[in-house]
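run.cif (mmCIF, C-alpha atoms) appears below.
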data_final
#
loop_
_atom_site.label_atom_id
_atom_site.label_comp_id
_atom_site.auth_asym_id
_atom_site.auth_seq_id
_atom_site.Cartn_x
_atom_site.Cartn_y
_atom_site.Cartn_z
CA MET A 1 35.87 131.77 149.07
CA THR A 2 37.19 131.94 145.54
CA LEU A 3 37.37 133.89 142.29
CA GLU A 4 37.18 132.06 138.99
CA ILE A 5 39.03 133.56 136.04
CA ILE A 6 36.95 133.36 132.87
CA LYS A 7 39.25 135.57 130.76
CA PRO A 8 42.63 136.60 132.13
CA GLY A 9 43.20 139.87 130.23
CA LEU A 10 46.72 140.54 128.99
CA ALA A 11 49.17 140.06 131.86
CA THR A 12 46.97 140.19 134.93
CA THR A 13 48.93 139.39 138.06
CA ILE A 14 48.32 139.09 141.79
CA GLN A 15 50.13 141.96 143.51
CA ASP A 16 50.44 143.46 146.96
CA LEU A 17 52.87 146.09 148.21
CA GLY A 18 55.85 143.88 147.31
CA ARG A 19 58.77 142.12 149.00
CA PRO A 20 61.34 144.73 149.95
CA GLY A 21 64.58 143.47 151.46
CA TYR A 22 65.83 141.12 148.74
CA PHE A 23 66.85 143.53 145.97
CA HIS A 24 70.53 143.20 146.95
CA LEU A 25 70.15 139.48 146.22
CA GLY A 26 68.71 140.21 142.79
CA ILE A 27 65.05 139.69 143.69
CA PRO A 28 63.03 142.77 142.83
CA GLU A 29 60.65 144.46 145.23
CA GLY A 30 57.69 143.74 142.99
CA GLY A 31 54.23 144.88 144.02
CA ALA A 32 51.66 147.19 142.43
CA MET A 33 53.10 149.73 139.96
CA ASP A 34 50.63 152.44 141.07
CA ARG A 35 50.80 152.00 144.83
CA LEU A 36 48.49 154.88 145.65
CA ALA A 37 45.66 153.45 143.52
CA PHE A 38 46.36 149.97 144.92
CA ARG A 39 46.14 151.15 148.55
CA ALA A 40 42.94 153.05 147.73
CA ALA A 41 41.31 149.93 146.26
CA ASN A 42 42.02 147.96 149.44
CA LEU A 43 40.77 150.77 151.68
CA LEU A 44 37.52 150.94 149.68
CA VAL A 45 36.70 147.30 150.50
CA GLY A 46 37.83 147.48 154.14
CA ASN A 47 41.10 145.56 153.67
CA ASP A 48 44.54 146.24 155.03
CA GLU A 49 46.34 148.41 152.48
CA GLY A 50 48.77 145.61 151.73
CA ALA A 51 46.18 142.86 151.07
CA ALA A 52 46.76 141.12 147.74
CA GLY A 53 44.62 142.09 144.75
CA LEU A 54 44.82 141.96 140.97
CA GLU A 55 46.77 144.29 138.69
CA ALA A 56 45.54 144.24 135.09
CA VAL A 57 47.31 146.18 132.36
CA PHE A 58 45.57 147.72 129.27
CA MET A 59 42.78 145.07 129.29
CA GLY A 60 40.49 143.95 132.07
CA PRO A 61 39.97 140.30 133.00
CA GLU A 62 36.58 138.58 133.31
CA ILE A 63 35.98 137.23 136.81
CA LYS A 64 33.23 135.10 138.36
CA PHE A 65 32.78 135.45 142.11
CA GLY A 66 32.25 132.38 144.27
CA ALA A 67 30.73 134.16 147.26
CA GLU A 68 29.30 137.48 148.39
CA MET A 69 32.19 139.97 148.54
CA SER A 70 32.94 143.69 148.33
CA VAL A 71 34.88 144.76 145.27
CA ALA A 72 36.52 148.02 144.17
CA VAL A 73 38.49 148.89 141.04
CA THR A 74 40.87 151.85 140.98
CA GLY A 75 43.69 153.17 138.78
CA ALA A 76 43.03 153.50 135.06
CA GLU A 77 39.63 154.52 133.72
CA MET A 78 38.03 151.48 132.13
CA PRO A 79 34.27 150.90 131.77
CA MET A 80 33.24 148.07 134.05
CA PHE A 81 30.18 145.82 134.21
CA LEU A 82 28.72 143.45 136.80
CA ASP A 83 26.53 140.95 134.95
CA GLY A 84 26.41 143.55 132.16
CA GLU A 85 25.31 146.43 134.43
CA PRO A 86 27.72 149.40 134.58
CA ARG A 87 29.64 149.97 137.82
CA GLU A 88 31.77 152.98 138.79
CA THR A 89 35.53 152.78 139.32
CA TRP A 90 37.00 154.09 142.63
CA THR A 91 33.76 153.00 144.34
CA SER A 92 32.91 149.94 146.45
CA PHE A 93 30.15 147.57 145.33
CA THR A 94 28.89 144.18 146.44
CA VAL A 95 28.94 141.07 144.29
CA LYS A 96 26.83 137.97 144.77
CA PRO A 97 27.91 134.36 144.17
CA GLY A 98 27.95 133.61 140.44
CA GLN A 99 28.08 137.23 139.31
CA VAL A 100 30.60 138.14 136.61
CA LEU A 101 32.75 141.28 136.42
CA SER A 102 33.89 142.33 132.95
CA PHE A 103 35.51 145.38 131.38
CA GLY A 104 35.25 147.54 128.25
CA PHE A 105 38.00 149.35 126.37
CA LEU A 106 40.64 151.22 128.36
CA LYS A 107 40.03 154.98 128.29
CA THR A 108 42.82 156.67 130.24
CA GLY A 109 45.70 155.34 132.32
CA ALA A 110 47.19 151.89 131.94
CA ARG A 111 46.60 149.69 134.99
CA ILE A 112 43.54 148.83 137.05
CA TYR A 113 43.63 147.43 140.57
CA ILE A 114 40.90 145.04 141.66
CA ALA A 115 40.54 144.67 145.43
CA ILE A 116 38.27 142.06 146.99
CA SER A 117 37.19 142.07 150.64
CA GLY A 118 39.36 139.55 152.49
CA GLY A 119 42.15 139.88 149.93
CA ILE A 120 43.58 137.19 147.68
CA ASP A 121 44.90 134.36 149.81
CA THR A 122 47.52 132.55 147.72
CA PRO A 123 50.60 131.39 149.67
CA PRO A 124 53.09 134.22 150.27
CA ALA A 125 56.62 133.80 148.89
CA LEU A 126 59.42 135.67 150.70
CA GLY A 127 56.80 137.61 152.64
CA SER A 128 54.67 138.72 149.70
CA ARG A 129 51.96 137.46 147.35
CA SER A 130 53.23 139.66 144.50
CA THR A 131 53.83 137.81 141.25
CA TYR A 132 57.33 137.95 139.76
CA PRO A 133 56.76 135.93 136.58
CA ILE A 134 60.39 135.78 135.42
CA GLY A 135 61.41 134.26 138.74
CA ALA A 136 58.22 132.13 138.91
CA LEU A 137 57.78 133.60 142.39
CA GLY A 138 54.63 134.46 144.34
CA GLY A 139 51.16 135.09 142.94
CA PHE A 140 49.24 132.17 141.48
CA GLU A 141 51.84 129.44 140.82
CA GLY A 142 54.39 132.15 140.09
CA ARG A 143 52.70 133.30 136.88
CA ALA A 144 50.11 135.68 135.44
CA ILE A 145 46.57 134.39 135.90
CA ALA A 146 45.03 132.22 133.18
CA ALA A 147 41.51 131.23 132.14
CA GLY A 148 40.12 128.56 134.46
CA ASP A 149 42.24 129.53 137.49
CA VAL A 150 40.34 129.37 140.77
CA ILE A 151 41.93 131.86 143.14
CA PRO A 152 41.48 131.64 146.92
CA VAL A 153 40.15 134.70 148.76
CA GLY A 154 40.59 135.28 152.50
CA ASP A 155 37.80 135.86 155.00
CA GLY A 156 36.55 139.42 154.92
CA SER A 157 33.41 141.33 155.77
CA VAL A 158 31.25 142.96 153.16
CA VAL A 159 31.37 146.77 153.49
CA ALA A 160 28.84 149.41 152.48
CA GLU A 161 28.31 149.94 148.76
CA GLY A 162 29.13 153.35 147.32
CA ARG A 163 32.22 154.13 149.41
CA VAL A 164 34.12 156.40 147.05
CA VAL A 165 37.57 158.00 146.73
CA PRO A 166 37.00 161.73 146.10
CA ASP A 167 38.15 162.86 142.66
CA ALA A 168 40.77 165.21 144.12
CA LEU A 169 42.50 162.20 145.70
CA ARG A 170 42.78 160.22 142.47
CA ARG A 171 46.24 160.97 141.13
CA ARG A 172 46.70 160.74 137.38
CA PRO A 173 49.51 161.72 134.99
CA GLY A 174 48.98 164.94 133.01
CA SER A 175 49.54 165.31 129.27
CA PRO A 176 52.41 165.44 128.66
CA ALA A 177 53.12 163.40 131.78
CA GLU A 178 55.73 165.17 133.88
CA LEU A 179 58.23 162.93 135.65
CA ARG A 180 60.51 164.62 138.16
CA VAL A 181 64.12 163.47 138.17
CA LEU A 182 67.05 163.74 140.56
CA THR A 183 70.35 163.51 138.69
CA GLY A 184 72.69 160.83 139.97
CA LEU A 185 76.19 159.42 140.31
CA TYR A 186 76.86 159.09 136.57
CA TRP A 187 75.30 162.38 135.44
CA HIS A 188 78.83 163.68 134.70
CA ARG A 189 79.15 161.09 131.92
CA LEU A 190 76.86 163.18 129.67
CA THR A 191 78.03 166.27 127.80
CA GLU A 192 76.44 169.55 128.86
CA LYS A 193 74.50 169.55 125.60
CA SER A 194 73.00 166.12 126.29
CA GLN A 195 72.29 166.97 129.93
CA LYS A 196 70.24 169.93 128.71
CA ALA A 197 68.57 167.98 125.90
CA PHE A 198 67.35 165.21 128.23
CA PHE A 199 65.15 167.68 130.09
CA GLU A 200 64.17 169.72 127.03
CA ASP A 201 63.34 166.92 124.59
CA ASP A 202 59.84 165.53 124.04
CA TRP A 203 59.76 161.82 124.84
CA VAL A 204 57.03 159.22 124.35
CA VAL A 205 56.47 155.88 126.09
CA ALA A 206 57.82 153.05 123.94
CA PRO A 207 55.56 150.01 123.42
CA GLU A 208 58.15 147.77 125.14
CA ALA A 209 57.51 149.46 128.51
CA ASP A 210 56.53 146.92 131.18
CA ARG A 211 56.80 146.12 134.90
CA MET A 212 60.57 145.76 134.67
CA GLY A 213 61.23 149.07 133.02
CA TYR A 214 59.53 151.91 131.21
CA ARG A 215 61.33 152.77 128.00
CA PHE A 216 61.06 156.16 126.32
CA ARG A 217 61.95 157.31 122.83
CA GLY A 218 61.77 160.44 120.71
CA GLY A 219 64.60 162.46 122.27
CA GLN A 220 68.06 163.07 120.79
CA PRO A 221 70.79 160.42 121.07
CA MET A 222 73.02 161.29 124.02
CA GLU A 223 76.68 162.27 123.77
CA PHE A 224 79.18 161.20 126.37
CA VAL A 225 82.26 162.84 127.81
CA ASP A 226 85.41 161.12 126.48
CA ARG A 227 87.15 158.83 128.94
CA PRO A 228 89.67 156.00 128.99
CA GLN A 229 87.67 152.76 129.18
CA PRO A 230 87.67 151.76 132.89
CA PHE A 231 88.95 148.28 133.72
CA GLY A 232 85.93 146.00 133.90
CA ALA A 233 83.55 148.25 131.97
CA GLY A 234 82.26 147.50 128.48
CA SER A 235 83.54 149.51 125.53
CA ASP A 236 80.33 151.44 124.86
CA PRO A 237 80.43 154.92 126.43
CA SER A 238 77.15 154.11 128.23
CA ASN A 239 78.86 151.21 130.04
CA ILE A 240 80.19 151.38 133.58
CA VAL A 241 81.96 148.91 135.83
CA ASP A 242 78.95 146.89 137.09
CA GLY A 243 77.04 148.69 139.81
CA CYS A 244 73.78 148.60 141.72
CA TYR A 245 70.60 150.00 140.23
CA SER A 246 67.93 151.64 142.34
CA TYR A 247 64.16 151.56 141.90
CA GLY A 248 63.41 154.50 139.60
CA SER A 249 66.92 154.80 138.19
CA ILE A 250 67.22 155.79 134.55
CA GLN A 251 69.65 153.85 132.39
CA VAL A 252 70.27 154.74 128.75
CA PRO A 253 71.87 151.81 126.88
CA GLY A 254 73.94 153.16 124.00
CA GLY A 255 72.74 156.67 124.92
CA LEU A 256 69.57 156.10 122.88
CA GLU A 257 66.41 155.23 124.83
CA PRO A 258 66.12 156.00 128.56
CA ILE A 259 64.65 153.15 130.64
CA VAL A 260 63.18 153.88 134.08
CA LEU A 261 63.56 150.75 136.21
CA HIS A 262 60.28 149.84 137.91
CA ARG A 263 58.93 147.24 140.37
CA ASP A 264 60.25 144.09 138.64
CA ALA A 265 63.62 145.55 137.59
CA VAL A 266 67.02 143.91 137.69
CA SER A 267 69.09 145.11 140.63
CA GLY A 268 72.44 145.76 138.98
CA GLY A 269 74.41 145.83 135.78
CA GLY A 270 76.82 147.66 133.53
CA TYR A 271 74.88 150.65 132.23
CA PHE A 272 75.32 154.16 133.58
CA THR A 273 72.22 155.64 135.21
CA LEU A 274 71.82 159.37 134.70
CA GLY A 275 69.59 159.78 137.75
CA ALA A 276 66.30 158.53 139.14
CA VAL A 277 62.63 159.42 138.89
CA ILE A 278 61.57 160.60 142.35
CA SER A 279 59.60 158.09 144.41
CA ALA A 280 56.47 160.26 144.42
CA ASP A 281 56.20 160.01 140.61
CA MET A 282 56.72 156.26 140.22
CA ASP A 283 52.96 155.65 140.61
CA LEU A 284 52.33 157.88 137.59
CA ILE A 285 54.60 155.77 135.39
CA GLY A 286 52.40 152.76 136.13
CA GLN A 287 49.54 154.64 134.45
CA LEU A 288 51.32 155.50 131.18
CA GLN A 289 50.11 153.92 127.93
CA PRO A 290 52.44 153.39 124.97
CA ASN A 291 52.98 156.59 122.93
CA THR A 292 52.04 158.90 125.82
CA PRO A 293 54.09 162.15 125.63
CA VAL A 294 56.44 162.62 128.57
CA LYS A 295 58.71 165.40 129.83
CA PHE A 296 61.42 164.86 132.41
CA LYS A 297 61.76 167.70 134.90
CA ARG A 298 64.90 168.26 136.93
CA VAL A 299 64.39 168.71 140.67
CA GLU A 300 66.69 168.86 143.68
CA MET A 301 66.49 166.77 146.85
CA ASP A 302 64.36 169.26 148.83
CA GLU A 303 61.69 169.22 146.13
CA ALA A 304 61.80 165.42 145.90
CA LEU A 305 61.30 165.12 149.65
CA ALA A 306 58.46 167.67 149.59
CA ALA A 307 56.76 165.66 146.82
CA ARG A 308 57.17 162.48 148.87
CA ALA A 309 55.57 164.19 151.88
CA GLU A 310 52.73 165.47 149.70
CA ARG A 311 52.03 161.97 148.39
CA LYS A 312 52.03 160.64 151.96
CA THR A 313 49.49 163.30 152.92
CA MET A 314 47.32 162.20 150.00
CA ILE A 315 47.34 158.61 151.28
CA SER A 316 46.35 159.84 154.77
CA GLU A 317 43.53 161.86 153.24
CA ILE A 318 42.25 158.78 151.40
CA ARG A 319 42.41 156.83 154.68
CA GLN A 320 40.51 159.57 156.49
CA SER A 321 37.85 159.89 153.82
CA LEU A 322 37.18 156.12 153.99
CA SER A 323 37.54 155.60 157.73
CA MET B 1 28.79 146.81 108.32
CA SER B 2 30.74 146.16 111.52
CA ASP B 3 34.04 147.25 113.01
CA ILE B 4 36.78 145.25 114.65
CA GLN B 5 38.25 147.31 117.49
CA SER B 6 41.61 147.09 119.17
CA PRO B 7 41.38 145.31 122.52
CA LEU B 8 44.37 147.26 123.88
CA PRO B 9 46.87 150.02 123.05
CA GLY B 10 50.03 149.17 121.13
CA THR B 11 51.33 148.89 117.57
CA PHE B 12 49.01 147.24 115.05
CA TYR B 13 50.34 144.96 112.30
CA HIS B 14 48.42 143.58 109.32
CA LYS B 15 50.88 140.73 108.71
CA PRO B 16 52.22 137.76 110.69
CA SER B 17 55.77 138.80 109.62
CA PRO B 18 57.15 141.52 107.30
CA GLU B 19 57.62 139.08 104.39
CA GLU B 20 54.17 137.53 104.57
CA PRO B 21 50.86 138.78 103.15
CA PRO B 22 48.27 140.42 105.46
CA PHE B 23 46.03 138.16 107.53
CA LYS B 24 42.99 139.23 105.49
CA ALA B 25 42.40 140.86 102.11
CA PRO B 26 39.25 142.68 100.93
CA GLY B 27 36.58 140.17 99.98
CA ASP B 28 37.86 137.43 102.30
CA ALA B 29 35.32 135.67 104.48
CA VAL B 30 35.82 136.32 108.20
CA ALA B 31 34.54 133.86 110.80
CA ILE B 32 34.32 134.55 114.52
CA GLY B 33 37.75 133.84 116.00
CA ASP B 34 39.69 134.46 112.75
CA GLN B 35 42.88 136.40 113.28
CA ILE B 36 42.98 139.74 111.43
CA GLY B 37 46.17 141.23 112.86
CA LEU B 38 48.65 141.59 115.71
CA ILE B 39 49.14 144.16 118.46
CA GLU B 40 52.66 144.57 119.81
CA VAL B 41 52.96 145.80 123.36
CA MET B 42 55.24 145.00 126.32
CA LYS B 43 57.54 142.91 124.06
CA THR B 44 54.59 140.64 123.27
CA PHE B 45 52.53 140.14 120.12
CA ILE B 46 48.84 139.67 120.84
CA ALA B 47 46.51 138.18 118.23
CA VAL B 48 43.57 140.36 117.22
CA THR B 49 40.63 138.12 116.38
CA ALA B 50 37.21 138.86 114.93
CA ASP B 51 34.34 138.76 117.42
CA ILE B 52 31.85 139.02 114.54
CA ALA B 53 31.57 137.27 111.19
CA GLY B 54 31.32 138.89 107.74
CA THR B 55 33.22 139.80 104.62
CA PHE B 56 36.51 141.67 105.06
CA LYS B 57 36.24 145.20 103.68
CA GLY B 58 39.67 146.54 104.61
CA TYR B 59 42.03 147.69 107.31
CA SER B 60 41.13 151.06 108.83
CA VAL B 61 44.66 151.93 109.93
CA ASP B 62 48.02 151.46 108.20
CA ASP B 63 50.35 148.58 108.95
CA ALA B 64 52.70 149.18 111.92
CA THR B 65 50.60 152.05 113.33
CA PRO B 66 50.28 152.96 117.01
CA VAL B 67 46.67 152.50 118.14
CA THR B 68 44.69 153.09 121.34
CA ALA B 69 42.30 150.62 122.98
CA GLY B 70 38.98 150.71 121.14
CA ALA B 71 40.47 152.08 117.88
CA VAL B 72 38.78 150.68 114.76
CA LEU B 73 41.29 148.35 113.07
CA ALA B 74 39.23 146.85 110.27
CA GLU B 75 35.77 146.91 108.76
CA LEU B 76 33.58 144.03 107.73
CA ASP B 77 30.59 144.07 105.40
#
Using structure tokens, write down the structure that the file contains.
Amino acid sequence: MTLEIIKPGLATTIQDLGRPGYFHLGIPEGGAMDRLAFRAANLLVGNDEGAAGLEAVFMGPEIKFGAEMSVAVTGAEMPMFLDGEPRETWTSFTVKPGQVLSFGFLKTGARIYIAISGGIDTPPALGSRSTYPIGALGGFEGRAIAAGDVIPVGDGSVVAEGRVVPDALRRRPGSPAELRVLTGLYWHRLTEKSQKAFFEDDWVVAPEADRMGYRFRGGQPMEFVDRPQPFGAGSDPSNIVDGCYSYGSIQVPGGLEPIVLHRDAVSGGGYFTLGAVISADMDLIGQLQPNTPVKFKRVEMDEALAARAERKTMISEIRQSLS
Amino acid sequence: MSDIQSPLPGTFYHKPSPEEPPFKAPGDAVAIGDQIGLIEVMKTFIAVTADIAGTFKGYSVDDATPVTAGAVLAELD
């Protein structure tokens, strides 16, 4: 069974839940940016939660199906049509051989996830089908999909049409989007004034934001505590002796624009990181459009762990509602 | 009269580069597939092309303006 790509969209990639275990070697985890929406899409069509699907950002692709399959689209709100007839997002539907799925203009959110019964069946690389385009790894020939690609789909069974994720279990960023942050190892590098300003300032998503990192602008330039330049660190006050970066960590090159490292991030370097966005809120970042207003909210570890547990509960509730 | 809408969110530019003239000026003929501008997003510039033909009436938003998907970028007569 196959999918044929008629129009690829902007940077549509094959993704699954990623390839953890290689970040210390410089290979990012990869995988869907909004993991909750991605898991939900797979559950809707009866797949394992980690089956490979498509992640499309800002623009939908146009896809022709080569066989009868179940399909579900979750994540951002984007009008969707099967042979021109509207279909609902977050809901399973059946496609027949030769039918074409297309999309209208993005309404809210940033990324859609397209799951197909059986899952995309390209060869895994380092245990994952996720595409890491810079490393030419995984996905379809290591790159974003292109017009004319014929993508293999695994064997799956068609499920009932109209399976739906209840609205209460669709997590979306608010406006302004609130991202909860745990301060980190290098927090002491900022002056008290800048520490306060980071959480009080109004930020917006910069247009450069992508799978590697989400950049924000609009807040005040940060001031650093004076120090003698450490041996091995660059001369800019935002430099450190090279260190590891974590998923979600927030670096601020030159103290100007915070960058939250996301699924395809580099694993280390010489910028201080003021802290990290908590794991429970990383999905929300995947749904932010350029120019979306954002506030960073300081939390402590107990609150971060409670949020993680809450998100886990939400996934279980989606599983239960679709079981 | 018809509108050309932005296919995606980002920053809309009228010109191929700051020193060059806009892609289209009022009165220019527009054929399907003609480029009328650029959208910058994710460190990439994406060509905005006309999906309809007509006579260029004008840009609906200023140069270097943030736009949302579906925003009207230009009008044709």
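Each of B:Tyr13, B:Ser2, B:Thr68, B:Glu20 was compared to Ile39 in chain B using only C-alpha atoms, and B:Tyr13 turns out to be the nearest.
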Counting all atoms listed in the file, the residue of B:Lys57, B:Asp3, B:Pro16, B:Gly10 that sits nearest Thr44 in chain B | B:Gly10
Using all atoms listed in the file, find which residues of chain A lie within 7 Å of chain B and jot them down as a list in words.
-> Phe58, Met59, Phe105, Leu106, Pro207, Glu208, Ala209, Asp210 and Pro290 of chain A
Can you give me, as a ChimeraX atom specification, the residues this file yields under the PyMOL selection byres ((chain A and resi 135-137) around 12)?
-> /A:13-15,18-19,26-31,122-134,138-144,264-266
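The residue that comes closest to Ala147 in chain A, out of A:Ala52, A:Ala160, A:Ile250, A:Leu10 and on the basis of all atoms listed in the file, is A:Leu10.
Going from CA of Thr183 in chain A over to CA of Ala110 in chain A, you cover 26.8 Å.
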